[in-house]
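Chemist: Have a peek at model.pdb (PDB, C-alpha atoms).
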```pdb
ATOM      1  CA  MET A 495     -27.867 -70.436 -21.413
ATOM      2  CA  VAL A 496     -31.071 -68.822 -22.720
ATOM      3  CA  VAL A 497     -32.972 -66.157 -20.783
ATOM      4  CA  ASN A 498     -36.598 -65.458 -21.709
ATOM      5  CA  ALA A 499     -37.606 -61.939 -20.756
ATOM      6  CA  GLN A 500     -41.265 -61.540 -21.656
ATOM      7  CA  SER A 501     -41.190 -61.597 -25.496
ATOM      8  CA  ILE A 502     -37.393 -61.382 -25.769
ATOM      9  CA  ALA A 503     -35.034 -64.344 -25.350
ATOM     10  CA  TYR A 504     -31.365 -63.725 -24.528
ATOM     11  CA  ARG A 505     -28.364 -66.004 -24.946
ATOM     12  CA  LEU A 506     -24.958 -65.676 -23.262
ATOM     13  CA  ASN A 507     -22.667 -63.721 -25.567
ATOM     14  CA  THR A 508     -19.555 -63.044 -23.481
ATOM     15  CA  SER A 509     -18.318 -63.979 -20.008
ATOM     16  CA  HIS A 510     -15.513 -62.040 -18.325
ATOM     17  CA  ILE A 511     -13.967 -63.730 -15.281
ATOM     18  CA  GLY A 512     -10.475 -63.144 -13.879
ATOM     19  CA  TYR A 513      -7.834 -63.165 -16.615
ATOM     20  CA  ASP A 514     -10.474 -62.605 -19.339
ATOM     21  CA  PHE A 515     -10.445 -58.868 -18.560
ATOM     22  CA  LEU A 516      -6.775 -58.563 -19.521
ATOM     23  CA  ASP A 517      -7.503 -59.672 -23.089
ATOM     24  CA  THR A 518     -10.822 -57.935 -23.695
ATOM     25  CA  PHE A 519     -10.403 -54.461 -22.140
ATOM     26  CA  VAL A 520      -8.158 -51.472 -22.916
ATOM     27  CA  TRP A 521      -6.399 -49.459 -20.187
ATOM     28  CA  GLU A 522      -6.856 -45.735 -20.900
ATOM     29  CA  THR A 523      -4.180 -43.122 -20.127
ATOM     30  CA  GLU A 524      -5.739 -39.888 -21.397
ATOM     31  CA  ASP A 525      -6.490 -36.921 -19.161
ATOM     32  CA  ASP A 526      -9.679 -37.410 -17.172
ATOM     33  CA  PRO A 527     -12.568 -35.790 -19.107
ATOM     34  CA  THR A 528     -14.297 -35.026 -15.774
ATOM     35  CA  HIS A 529     -11.241 -33.048 -14.575
ATOM     36  CA  GLY A 530     -10.426 -35.317 -11.653
ATOM     37  CA  ARG A 531      -7.242 -35.306  -9.563
ATOM     38  CA  VAL A 532      -6.242 -38.613 -11.145
ATOM     39  CA  ASN A 533      -3.459 -40.178 -13.188
ATOM     40  CA  TYR A 534      -4.793 -43.053 -15.275
ATOM     41  CA  VAL A 535      -1.981 -45.546 -15.935
ATOM     42  CA  ASP A 536      -1.456 -48.082 -18.713
ATOM     43  CA  LYS A 537      -1.929 -51.829 -18.298
ATOM     44  CA  ALA A 538       1.747 -52.661 -17.800
ATOM     45  CA  THR A 539       2.147 -50.016 -15.092
ATOM     46  CA  SER A 540      -1.125 -51.003 -13.477
ATOM     47  CA  LEU A 541      -0.031 -54.644 -13.250
ATOM     48  CA  SER A 542       3.500 -53.890 -12.037
ATOM     49  CA  GLU A 543       2.250 -51.468  -9.366
ATOM     50  CA  ASN A 544      -0.526 -53.859  -8.226
ATOM     51  CA  LEU A 545      -3.230 -51.424  -9.283
ATOM     52  CA  THR A 546      -4.592 -54.320 -11.337
ATOM     53  CA  PHE A 547      -4.355 -57.920 -10.214
ATOM     54  CA  VAL A 548      -6.170 -61.042 -11.283
ATOM     55  CA  SER A 549      -6.760 -64.676 -10.424
ATOM     56  CA  GLU A 550      -8.805 -67.428 -12.016
ATOM     57  CA  SER A 551     -11.927 -66.077 -10.302
ATOM     58  CA  LYS A 552     -11.264 -62.402  -9.456
ATOM     59  CA  PHE A 553     -10.436 -59.154 -11.231
ATOM     60  CA  VAL A 554      -9.341 -56.212  -9.073
ATOM     61  CA  MET A 555      -8.641 -52.580 -10.001
ATOM     62  CA  ARG A 556      -7.582 -50.063  -7.411
ATOM     63  CA  ALA A 557      -6.128 -46.639  -6.702
ATOM     64  CA  ASP A 558      -2.641 -46.227  -5.305
ATOM     65  CA  HIS A 559      -2.789 -46.121  -1.481
ATOM     66  CA  THR A 560       0.922 -45.965  -0.613
ATOM     67  CA  LYS A 561       2.317 -42.667  -1.957
ATOM     68  CA  LYS A 562       1.643 -38.964  -1.641
ATOM     69  CA  VAL A 563       0.969 -37.130  -4.908
ATOM     70  CA  ALA A 564       3.403 -34.540  -6.252
ATOM     71  CA  ASN A 565       1.993 -31.112  -7.036
ATOM     72  CA  ALA A 566       3.073 -31.361 -10.669
ATOM     73  CA  SER A 567       1.366 -34.742 -11.164
ATOM     74  CA  ARG A 568      -2.005 -35.205 -12.855
ATOM     75  CA  GLY A 569      -3.157 -36.847  -9.616
ATOM     76  CA  ARG A 570      -3.343 -40.133  -7.762
ATOM     77  CA  ASP A 571      -2.620 -43.232  -9.835
ATOM     78  CA  SER A 572      -5.761 -45.132 -10.749
ATOM     79  CA  VAL A 573      -7.371 -47.237 -13.482
ATOM     80  CA  ARG A 574      -9.877 -46.602 -16.242
ATOM     81  CA  ILE A 575     -10.667 -49.383 -18.737
ATOM     82  CA  HIS A 576     -13.078 -49.883 -21.644
ATOM     83  CA  SER A 577     -14.173 -53.001 -23.479
ATOM     84  CA  MET A 578     -12.955 -53.717 -26.995
ATOM     85  CA  ALA A 579     -16.402 -55.001 -27.931
ATOM     86  CA  ALA A 580     -19.576 -52.934 -28.136
ATOM     87  CA  TYR A 581     -23.161 -54.096 -27.646
ATOM     88  CA  ASP A 582     -26.469 -52.677 -28.839
ATOM     89  CA  ASP A 583     -29.482 -54.575 -27.468
ATOM     90  CA  ALA A 584     -28.027 -56.520 -24.540
ATOM     91  CA  LEU A 585     -28.341 -57.652 -20.932
ATOM     92  CA  PHE A 586     -25.343 -56.870 -18.697
ATOM     93  CA  VAL A 587     -24.893 -58.821 -15.439
ATOM     94  CA  LEU A 588     -22.173 -57.696 -12.997
ATOM     95  CA  ASP A 589     -21.288 -59.695  -9.879
ATOM     96  CA  ILE A 590     -19.051 -57.637  -7.600
ATOM     97  CA  THR A 591     -17.754 -58.136  -4.084
ATOM     98  CA  HIS A 592     -16.428 -54.608  -3.532
ATOM     99  CA  MET A 593     -16.666 -51.154  -5.124
ATOM    100  CA  PRO A 594     -14.452 -48.122  -4.367
ATOM    101  CA  GLU A 595     -15.475 -46.124  -1.315
ATOM    102  CA  GLY A 596     -14.270 -43.107   0.637
ATOM    103  CA  CYS A 597     -13.910 -39.342   0.563
ATOM    104  CA  SER A 598     -12.987 -37.818  -2.830
ATOM    105  CA  THR A 599     -13.731 -41.061  -4.715
ATOM    106  CA  TRP A 600     -15.921 -41.032  -7.815
ATOM    107  CA  PRO A 601     -16.212 -44.571  -9.197
ATOM    108  CA  ALA A 602     -18.480 -45.571 -12.051
ATOM    109  CA  TRP A 603     -19.545 -48.575 -14.088
ATOM    110  CA  TRP A 604     -21.114 -47.282 -17.274
ATOM    111  CA  THR A 605     -21.578 -47.749 -20.992
ATOM    112  CA  LEU A 606     -20.833 -45.322 -23.802
ATOM    113  CA  SER A 607     -21.388 -45.176 -27.553
ATOM    114  CA  GLN A 608     -18.334 -46.645 -29.268
ATOM    115  CA  GLU A 609     -19.146 -44.747 -32.456
ATOM    116  CA  GLY A 610     -19.679 -41.360 -30.758
ATOM    117  CA  PRO A 611     -18.568 -38.695 -30.592
ATOM    118  CA  TRP A 612     -20.047 -38.121 -27.126
ATOM    119  CA  PRO A 613     -22.864 -37.474 -26.418
ATOM    120  CA  GLN A 614     -24.080 -38.926 -29.734
ATOM    121  CA  GLY A 615     -25.132 -42.516 -29.197
ATOM    122  CA  GLY A 616     -25.706 -41.904 -25.495
ATOM    123  CA  GLU A 617     -24.189 -42.726 -22.119
ATOM    124  CA  ILE A 618     -25.697 -45.006 -19.450
ATOM    125  CA  ASP A 619     -24.340 -44.694 -15.902
ATOM    126  CA  ILE A 620     -25.232 -47.907 -14.079
ATOM    127  CA  ILE A 621     -23.199 -47.535 -10.867
ATOM    128  CA  GLU A 622     -22.114 -44.058  -9.840
ATOM    129  CA  GLY A 623     -21.584 -42.005  -6.711
ATOM    130  CA  VAL A 624     -19.145 -39.760  -4.849
ATOM    131  CA  ASN A 625     -17.545 -39.323  -1.452
ATOM    132  CA  LEU A 626     -19.558 -41.031   1.321
ATOM    133  CA  GLN A 627     -22.757 -41.415  -0.716
ATOM    134  CA  GLU A 628     -24.943 -44.325   0.432
ATOM    135  CA  GLU A 629     -27.389 -44.834  -2.457
ATOM    136  CA  ASN A 630     -26.476 -45.612  -6.049
ATOM    137  CA  LEU A 631     -27.406 -43.214  -8.841
ATOM    138  CA  SER A 632     -28.202 -44.425 -12.371
ATOM    139  CA  SER A 633     -28.471 -41.858 -15.165
ATOM    140  CA  LEU A 634     -28.666 -41.282 -18.900
ATOM    141  CA  HIS A 635     -26.750 -38.557 -20.762
ATOM    142  CA  THR A 636     -27.861 -37.852 -24.324
ATOM    143  CA  THR A 637     -28.214 -35.434 -27.198
ATOM    144  CA  PRO A 638     -31.261 -33.076 -27.049
ATOM    145  CA  ASN A 639     -34.920 -34.189 -27.089
ATOM    146  CA  CYS A 640     -34.684 -36.981 -24.535
ATOM    147  CA  THR A 641     -36.757 -36.581 -21.376
ATOM    148  CA  MET A 642     -38.168 -39.015 -18.832
ATOM    149  CA  PRO A 643     -41.605 -38.984 -17.163
ATOM    150  CA  GLN A 644     -41.602 -38.065 -13.483
ATOM    151  CA  PHE A 645     -43.707 -41.107 -12.650
ATOM    152  CA  ARG A 646     -42.913 -44.529 -14.091
ATOM    153  CA  PRO A 647     -42.657 -48.149 -12.869
ATOM    154  CA  GLU A 648     -39.432 -48.214 -10.811
ATOM    155  CA  LYS A 649     -38.401 -48.538  -7.171
ATOM    156  CA  GLY A 650     -36.001 -45.587  -7.149
ATOM    157  CA  SER A 651     -36.619 -41.847  -6.830
ATOM    158  CA  VAL A 652     -36.327 -39.526  -9.817
ATOM    159  CA  THR A 653     -33.657 -36.851  -9.320
ATOM    160  CA  SER A 654     -33.910 -35.240 -12.770
ATOM    161  CA  THR A 655     -35.875 -35.809 -15.970
ATOM    162  CA  ASP A 656     -33.955 -34.085 -18.793
ATOM    163  CA  CYS A 657     -31.222 -36.334 -20.220
ATOM    164  CA  ASP A 658     -29.765 -33.665 -22.527
ATOM    165  CA  THR A 659     -26.094 -33.004 -21.675
ATOM    166  CA  ASN A 660     -26.663 -29.308 -22.364
ATOM    167  CA  TYR A 661     -29.184 -29.047 -19.543
ATOM    168  CA  ASN A 662     -28.171 -28.153 -15.978
ATOM    169  CA  TYR A 663     -24.431 -28.687 -16.496
ATOM    170  CA  ASN A 664     -24.835 -32.237 -17.833
ATOM    171  CA  GLN A 665     -26.729 -33.519 -14.814
ATOM    172  CA  GLY A 666     -28.457 -36.121 -16.968
ATOM    173  CA  CYS A 667     -31.736 -37.816 -16.075
ATOM    174  CA  GLY A 668     -31.096 -39.740 -12.873
ATOM    175  CA  VAL A 669     -32.707 -42.170 -10.462
ATOM    176  CA  SER A 670     -31.521 -42.605  -6.875
ATOM    177  CA  PHE A 671     -31.820 -46.161  -5.567
ATOM    178  CA  PRO A 672     -33.911 -46.926  -2.461
ATOM    179  CA  GLU A 673     -31.365 -49.196  -0.716
ATOM    180  CA  ARG A 674     -28.493 -47.705   1.262
ATOM    181  CA  GLU A 675     -26.598 -50.946   0.658
ATOM    182  CA  SER A 676     -26.634 -50.243  -3.099
ATOM    183  CA  TYR A 677     -23.453 -48.140  -2.972
ATOM    184  CA  GLY A 678     -20.213 -47.550  -1.092
ATOM    185  CA  SER A 679     -19.404 -48.821   2.376
ATOM    186  CA  GLY A 680     -22.863 -50.313   2.966
ATOM    187  CA  PHE A 681     -22.615 -52.331  -0.240
ATOM    188  CA  ASN A 682     -19.134 -53.559   0.666
ATOM    189  CA  ALA A 683     -20.043 -54.436   4.252
ATOM    190  CA  GLU A 684     -22.634 -56.925   2.941
ATOM    191  CA  GLY A 685     -20.183 -58.620   0.600
ATOM    192  CA  GLY A 686     -21.381 -56.816  -2.498
ATOM    193  CA  GLY A 687     -24.090 -57.994  -4.846
ATOM    194  CA  PHE A 688     -25.372 -57.939  -8.416
ATOM    195  CA  TYR A 689     -26.121 -55.132 -10.840
ATOM    196  CA  ILE A 690     -28.091 -55.904 -13.990
ATOM    197  CA  MET A 691     -28.758 -53.524 -16.876
ATOM    198  CA  GLU A 692     -31.067 -54.221 -19.802
ATOM    199  CA  LYS A 693     -30.618 -52.041 -22.881
ATOM    200  CA  ASN A 694     -33.224 -52.821 -25.518
ATOM    201  CA  HIS A 695     -34.904 -50.788 -28.239
ATOM    202  CA  GLU A 696     -38.237 -52.556 -27.605
ATOM    203  CA  LYS A 697     -38.242 -52.426 -23.787
ATOM    204  CA  GLY A 698     -36.164 -49.370 -22.914
ATOM    205  CA  ILE A 699     -33.317 -49.239 -20.374
ATOM    206  CA  SER A 700     -33.639 -50.770 -16.898
ATOM    207  CA  VAL A 701     -31.257 -51.266 -13.963
ATOM    208  CA  TRP A 702     -31.672 -53.695 -11.063
ATOM    209  CA  PHE A 703     -29.654 -54.060  -7.857
ATOM    210  CA  PHE A 704     -29.748 -57.226  -5.739
ATOM    211  CA  ARG A 705     -27.951 -57.804  -2.464
ATOM    212  CA  ARG A 706     -25.940 -60.997  -2.613
ATOM    213  CA  TRP A 707     -28.206 -62.852  -0.200
ATOM    214  CA  ASN A 708     -31.339 -61.656  -1.998
ATOM    215  CA  MET A 709     -30.443 -62.633  -5.550
ATOM    216  CA  PRO A 710     -32.763 -65.332  -6.980
ATOM    217  CA  LEU A 711     -30.611 -68.219  -8.185
ATOM    218  CA  VAL A 712     -30.850 -71.267 -10.414
ATOM    219  CA  GLY A 713     -28.084 -73.423  -9.025
ATOM    220  CA  ALA A 714     -25.193 -70.984  -8.632
ATOM    221  CA  GLU A 715     -26.326 -68.636 -11.412
ATOM    222  CA  PRO A 716     -28.674 -65.624 -11.162
ATOM    223  CA  ASN A 717     -32.236 -66.443 -12.203
ATOM    224  CA  LEU A 718     -32.446 -63.742 -14.855
ATOM    225  CA  ASP A 719     -35.887 -64.832 -16.042
ATOM    226  CA  LEU A 720     -37.194 -63.962 -12.596
ATOM    227  CA  VAL A 721     -35.165 -60.751 -12.318
ATOM    228  CA  LEU A 722     -36.513 -59.350 -15.572
ATOM    229  CA  LEU A 723     -40.101 -59.828 -14.390
ATOM    230  CA  THR A 724     -39.542 -57.639 -11.307
ATOM    231  CA  VAL A 725     -39.834 -53.853 -11.055
ATOM    232  CA  PRO A 726     -36.380 -52.344 -11.717
ATOM    233  CA  ASP A 727     -34.683 -49.876  -9.402
ATOM    234  CA  ALA A 728     -34.329 -47.499 -12.349
ATOM    235  CA  TYR A 729     -36.359 -47.502 -15.562
ATOM    236  CA  PHE A 730     -35.830 -45.252 -18.573
ATOM    237  CA  PRO A 731     -38.511 -45.601 -21.297
ATOM    238  CA  THR A 732     -36.692 -45.264 -24.627
ATOM    239  CA  GLN A 733     -38.769 -47.599 -26.796
ATOM    240  CA  ASP A 734     -38.866 -46.719 -30.469
ATOM    241  CA  ASN A 735     -42.354 -48.245 -30.834
ATOM    242  CA  ASP A 736     -44.070 -46.185 -28.113
ATOM    243  CA  GLU A 737     -45.840 -42.987 -29.192
ATOM    244  CA  ASP A 738     -45.803 -41.711 -25.599
ATOM    245  CA  CYS A 739     -42.032 -42.085 -25.265
ATOM    246  CA  ASN A 740     -40.102 -38.804 -25.209
ATOM    247  CA  CYS A 741     -36.713 -40.379 -25.923
ATOM    248  CA  SER A 742     -36.505 -42.435 -29.095
ATOM    249  CA  TYR A 743     -33.918 -45.214 -28.799
ATOM    250  CA  PRO A 744     -32.581 -45.057 -32.402
ATOM    251  CA  ASP A 745     -32.194 -41.272 -32.155
ATOM    252  CA  HIS A 746     -30.176 -41.403 -28.932
ATOM    253  CA  PHE A 747     -28.559 -44.834 -28.473
ATOM    254  CA  ASN A 748     -26.481 -47.325 -30.421
ATOM    255  CA  ALA A 749     -23.835 -49.980 -29.652
ATOM    256  CA  HIS A 750     -22.065 -49.250 -26.356
ATOM    257  CA  GLU A 751     -18.687 -50.214 -24.965
ATOM    258  CA  ILE A 752     -18.344 -50.936 -21.231
ATOM    259  CA  ILE A 753     -16.289 -48.717 -18.913
ATOM    260  CA  PHE A 754     -15.020 -49.050 -15.342
ATOM    261  CA  ASP A 755     -13.190 -46.136 -13.783
ATOM    262  CA  LEU A 756     -12.178 -44.540 -10.508
ATOM    263  CA  THR A 757     -11.416 -40.834 -10.450
ATOM    264  CA  PHE A 758     -11.141 -38.334  -7.582
ATOM    265  CA  CYS A 759     -12.647 -34.892  -6.994
ATOM    266  CA  GLY A 760     -13.436 -33.491 -10.438
ATOM    267  CA  ASP A 761     -16.715 -32.077 -11.695
ATOM    268  CA  TRP A 762     -18.869 -33.921  -9.156
ATOM    269  CA  ALA A 763     -16.951 -35.189  -6.102
ATOM    270  CA  GLY A 764     -14.875 -32.008  -6.024
ATOM    271  CA  ALA A 765     -17.837 -29.721  -6.621
ATOM    272  CA  VAL A 766     -19.700 -31.030  -3.551
ATOM    273  CA  TRP A 767     -16.630 -31.425  -1.315
ATOM    274  CA  SER A 768     -17.230 -28.304   0.781
ATOM    275  CA  SER A 769     -20.826 -29.315   1.558
ATOM    276  CA  SER A 770     -19.966 -32.919   2.462
ATOM    277  CA  SER A 771     -18.785 -34.368   5.767
ATOM    278  CA  CYS A 772     -15.453 -35.040   4.033
ATOM    279  CA  ALA A 773     -14.644 -31.317   4.182
ATOM    280  CA  SER A 774     -13.541 -31.721   7.808
ATOM    281  CA  LYS A 775     -10.618 -33.886   6.612
ATOM    282  CA  ALA A 776      -8.924 -31.317   4.356
ATOM    283  CA  SER A 777      -9.325 -27.762   3.098
ATOM    284  CA  SER A 778      -9.827 -28.992  -0.452
ATOM    285  CA  CYS A 779     -10.589 -32.231  -2.235
ATOM    286  CA  ALA A 780      -7.315 -32.125  -4.185
ATOM    287  CA  SER A 781      -5.298 -31.586  -1.009
ATOM    288  CA  PHE A 782      -6.970 -34.612   0.555
ATOM    289  CA  VAL A 783      -6.136 -36.775  -2.460
ATOM    290  CA  ASP A 784      -2.510 -35.629  -2.554
ATOM    291  CA  ASN A 785      -1.619 -36.028   1.110
ATOM    292  CA  ASN A 786      -3.570 -38.979   2.494
ATOM    293  CA  PRO A 787      -2.632 -42.205   0.681
ATOM    294  CA  SER A 788      -3.860 -44.474   3.494
ATOM    295  CA  GLU A 789      -7.382 -43.086   3.035
ATOM    296  CA  PHE A 790      -7.546 -44.971  -0.283
ATOM    297  CA  SER A 791      -7.080 -48.489   1.065
ATOM    298  CA  ASP A 792     -10.745 -49.235   0.253
ATOM    299  CA  ALA A 793     -10.726 -47.524  -3.150
ATOM    300  CA  TYR A 794     -10.913 -50.622  -5.326
ATOM    301  CA  TRP A 795     -13.172 -52.712  -7.551
ATOM    302  CA  GLU A 796     -13.306 -56.458  -6.880
ATOM    303  CA  ILE A 797     -15.228 -58.170  -9.658
ATOM    304  CA  ASN A 798     -16.317 -61.799  -9.695
ATOM    305  CA  SER A 799     -17.774 -61.748 -13.195
ATOM    306  CA  LEU A 800     -19.268 -59.630 -15.945
ATOM    307  CA  LYS A 801     -21.571 -61.467 -18.348
ATOM    308  CA  ILE A 802     -23.261 -60.028 -21.412
ATOM    309  CA  TYR A 803     -26.319 -61.606 -23.005
ATOM    310  CA  SER A 804     -27.549 -60.791 -26.518
ATOM    311  CA  PRO A 805     -31.046 -61.296 -27.994
ATOM    312  CA  CYS A 806     -31.444 -64.692 -29.614
ATOM    313  CA  SER A 807     -31.524 -64.827 -33.391
ATOM    314  CA  ASP A 808     -33.726 -67.087 -35.485
ATOM    315  CA  ASP A 809     -30.826 -69.525 -35.673
ATOM    316  CA  ASP A 810     -30.440 -69.877 -31.863
TER     317      ASP A 810
END
```
Could you rewrite the structure in this file as structure tokens?
Modeler:
Amino acid sequence: MVVNAQSIAYRLNTSHIGYDFLDTFVWETEDDPTHGRVNYVDKATSLSENLTFVSESKFVMRADHTKKVANASRGRDSVRIHSMAAYDDALFVLDITHMPEGCSTWPAWWTLSQEGPWPQGGEIDIIEGVNLQEENLSSLHTTPNCTMPQFRPEKGSVTSTDCDTNYNYNQGCGVSFPERESYGSGFNAEGGGFYIMEKNHEKGISVWFFRRWNMPLVGAEPNLDLVLLTVPDAYFPTQDNDEDCNCSYPDHFNAHEIIFDLTFCGDWAGAVWSSSSCASKASSCASFVDNNPSEFSDAYWEINSLKIYSPCSDDD
């Protein structure tokens, strides 16, 4: 399949559906770098405890929702995975039925420089939110000298413009999406949808969200030619051929691996716990995570497919 996006043509590079994820992703077990109340488990444990399960057409990752958490534990069992492959210029298309939701949750689908070390090579947060948030937030996190204009062609609302991780406690440069159904319970209630991210040194970085019923199709497949002609929900100008760009792509981005994770509390969800409606459920975020396993019955990713397209070469 070839996608023609203005002057750039893409071809399908990799398709992940169901069992494909087991062979192409790594289950991480390190301590959570965002200081969450979470215990990331390895692949064997995840499969045996039904925190990961697959079929021919589905890939599911979830948090444990059956046990209380011991005080001495790192936290609630959950899953964090990263792709073995890394991609520079690419188009990422995610079809998901369900994303994690609920108080204390902090799920994310994002990409990160495989070469690193972080933040060298950049970070792109495509899907991210906490607690009972209703709108998705997409952000960049970079080394210094990367800023975004306040006004640019996108449907979302700018929340911050400095992408430097040293600025404002690593807030990053973010865009909040206009649709409440773009994240959490609203997204899940509609049966999910599609997220598309274009990462290209000539065009910058763009993110689109489409509700399932609103996705333009060619047969059963997303019409990506049409998608890439529409205004994105979030747009980050990082072109290396634009004199007006304040974030040069080659200075801040390179080949990225793909990450899915689900943590709890930590530097964001925990930091805003007391000011959220979730605070009525427990005195602290960590206490909520430890003592309320049934509250995590909806804390799971259900993925139909993840497809990555690469720019066509002269030989394609």
Chemist: Evaluating the PyMOL selection byres ((chain A and resi 580-596) around 6) on the displayed file yields which residues, as number ranges by chain?
Modeler: A: 579, 597, 599, 625-626, 678, 682, 685-694, 748-751, 792-804
Chemist: So how many Å separate CA of Thr641 (chain A) and CA of Ile618 (chain A), to one decimal?
Modeler: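 Value for the CA of Thr641 (chain A)-CA of Ile618 (chain A) distance: 14.0 Å.
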Chemist: Within 12 Å of Tyr663 (chain A), counting only C-alpha atoms, which residues show up once you throw out same-chain ones fewer than 2 positions away? Write them as a short mmCIF file (atom, residue, chain, number, x, y, z; two decimals) with C-alpha atoms, keeping the file's coordinate frame, please.
Modeler:
```cif
data_model
loop_
_atom_site.label_atom_id
_atom_site.label_comp_id
_atom_site.auth_asym_id
_atom_site.auth_seq_id
_atom_site.Cartn_x
_atom_site.Cartn_y
_atom_site.Cartn_z
CA THR A 528 -14.30 -35.03 -15.77
CA HIS A 635 -26.75 -38.56 -20.76
CA ASP A 656 -33.96 -34.08 -18.79
CA CYS A 657 -31.22 -36.33 -20.22
CA ASP A 658 -29.76 -33.66 -22.53
CA THR A 659 -26.09 -33.00 -21.68
CA ASN A 660 -26.66 -29.31 -22.36
CA TYR A 661 -29.18 -29.05 -19.54
CA GLN A 665 -26.73 -33.52 -14.81
CA GLY A 666 -28.46 -36.12 -16.97
CA CYS A 667 -31.74 -37.82 -16.08
CA ASP A 761 -16.72 -32.08 -11.70
CA TRP A 762 -18.87 -33.92 -9.16
CA ALA A 765 -17.84 -29.72 -6.62
#
```
Chemist: When distances are computed from all atoms listed in the file, which of A:Thr636, A:Thr757, A:Asn717, A:Gln614 shows the smallest separation from His529 (chain A)?
Modeler: A:Thr757
Chemist: Point out the residue among A:Phe730, A:Asp558, A:Phe747, A:Glu696 with the least atom-to-atom distance to Pro643 (chain A), counting only C-alpha atoms.
Modeler: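 That would be A:Phe730, the residue with the smallest distance to Pro643 (chain A).
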Chemist: Could you tell me which of A:Ser598, A:Ser791, A:Ser542, A:Asn639 comes closest to His559 (chain A) if we count all atoms listed in the file?
Modeler: A:Ser791
Chemist: Export region 750-764 of chain A, N, CA and C atoms, as a PDB file, in the first residue's frame; it's the structure right above.
Modeler:
```pdb
ATOM      1  N   HIS A 750      13.077   6.813  16.375  1.00  0.00           N
ATOM      2  CA  HIS A 750      12.367   6.580  17.626  1.00  0.00           C
ATOM      3  C   HIS A 750      11.830   5.158  17.715  1.00  0.00           C
ATOM      4  N   GLU A 751      11.916   4.584  18.917  1.00  0.00           N
ATOM      5  CA  GLU A 751      11.181   3.367  19.221  1.00  0.00           C
ATOM      6  C   GLU A 751       9.801   3.743  19.746  1.00  0.00           C
ATOM      7  N   ILE A 752       8.890   2.770  19.764  1.00  0.00           N
ATOM      8  CA  ILE A 752       7.494   2.994  20.145  1.00  0.00           C
ATOM      9  C   ILE A 752       7.262   2.420  21.540  1.00  0.00           C
ATOM     10  N   ILE A 753       6.559   3.158  22.387  1.00  0.00           N
ATOM     11  CA  ILE A 753       6.323   2.724  23.761  1.00  0.00           C
ATOM     12  C   ILE A 753       4.828   2.803  24.093  1.00  0.00           C
ATOM     13  N   PHE A 754       4.341   1.768  24.768  1.00  0.00           N
ATOM     14  CA  PHE A 754       3.037   1.788  25.433  1.00  0.00           C
ATOM     15  C   PHE A 754       3.294   1.551  26.915  1.00  0.00           C
ATOM     16  N   ASP A 755       2.650   2.327  27.766  1.00  0.00           N
ATOM     17  CA  ASP A 755       2.777   2.028  29.194  1.00  0.00           C
ATOM     18  C   ASP A 755       1.515   2.436  29.944  1.00  0.00           C
ATOM     19  N   LEU A 756       1.444   1.978  31.182  1.00  0.00           N
ATOM     20  CA  LEU A 756       0.371   2.353  32.093  1.00  0.00           C
ATOM     21  C   LEU A 756       0.958   2.393  33.491  1.00  0.00           C
ATOM     22  N   THR A 757       1.166   3.606  33.997  1.00  0.00           N
ATOM     23  CA  THR A 757       1.639   3.790  35.356  1.00  0.00           C
ATOM     24  C   THR A 757       0.531   4.426  36.191  1.00  0.00           C
ATOM     25  N   PHE A 758       0.816   4.638  37.474  1.00  0.00           N
ATOM     26  CA  PHE A 758      -0.181   5.193  38.400  1.00  0.00           C
ATOM     27  C   PHE A 758       0.482   6.246  39.279  1.00  0.00           C
ATOM     28  N   CYS A 759      -0.259   7.307  39.542  1.00  0.00           N
ATOM     29  CA  CYS A 759       0.213   8.402  40.401  1.00  0.00           C
ATOM     30  C   CYS A 759       1.447   9.042  39.772  1.00  0.00           C
ATOM     31  N   GLY A 760       2.571   9.015  40.437  1.00  0.00           N
ATOM     32  CA  GLY A 760       3.796   9.547  39.850  1.00  0.00           C
ATOM     33  C   GLY A 760       3.817  11.052  39.702  1.00  0.00           C
ATOM     34  N   ASP A 761       4.724  11.511  38.817  1.00  0.00           N
ATOM     35  CA  ASP A 761       5.019  12.939  38.699  1.00  0.00           C
ATOM     36  C   ASP A 761       3.857  13.768  38.177  1.00  0.00           C
ATOM     37  N   TRP A 762       2.908  13.136  37.487  1.00  0.00           N
ATOM     38  CA  TRP A 762       1.760  13.905  36.987  1.00  0.00           C
ATOM     39  C   TRP A 762       0.464  13.510  37.703  1.00  0.00           C
ATOM     40  N   ALA A 763       0.013  12.271  37.536  1.00  0.00           N
ATOM     41  CA  ALA A 763      -1.269  11.870  38.124  1.00  0.00           C
ATOM     42  C   ALA A 763      -1.262  12.044  39.644  1.00  0.00           C
ATOM     43  N   GLY A 764      -0.116  11.754  40.267  1.00  0.00           N
ATOM     44  CA  GLY A 764      -0.025  11.930  41.713  1.00  0.00           C
ATOM     45  C   GLY A 764       0.042  13.381  42.120  1.00  0.00           C
TER      46      GLY A 764
END
```
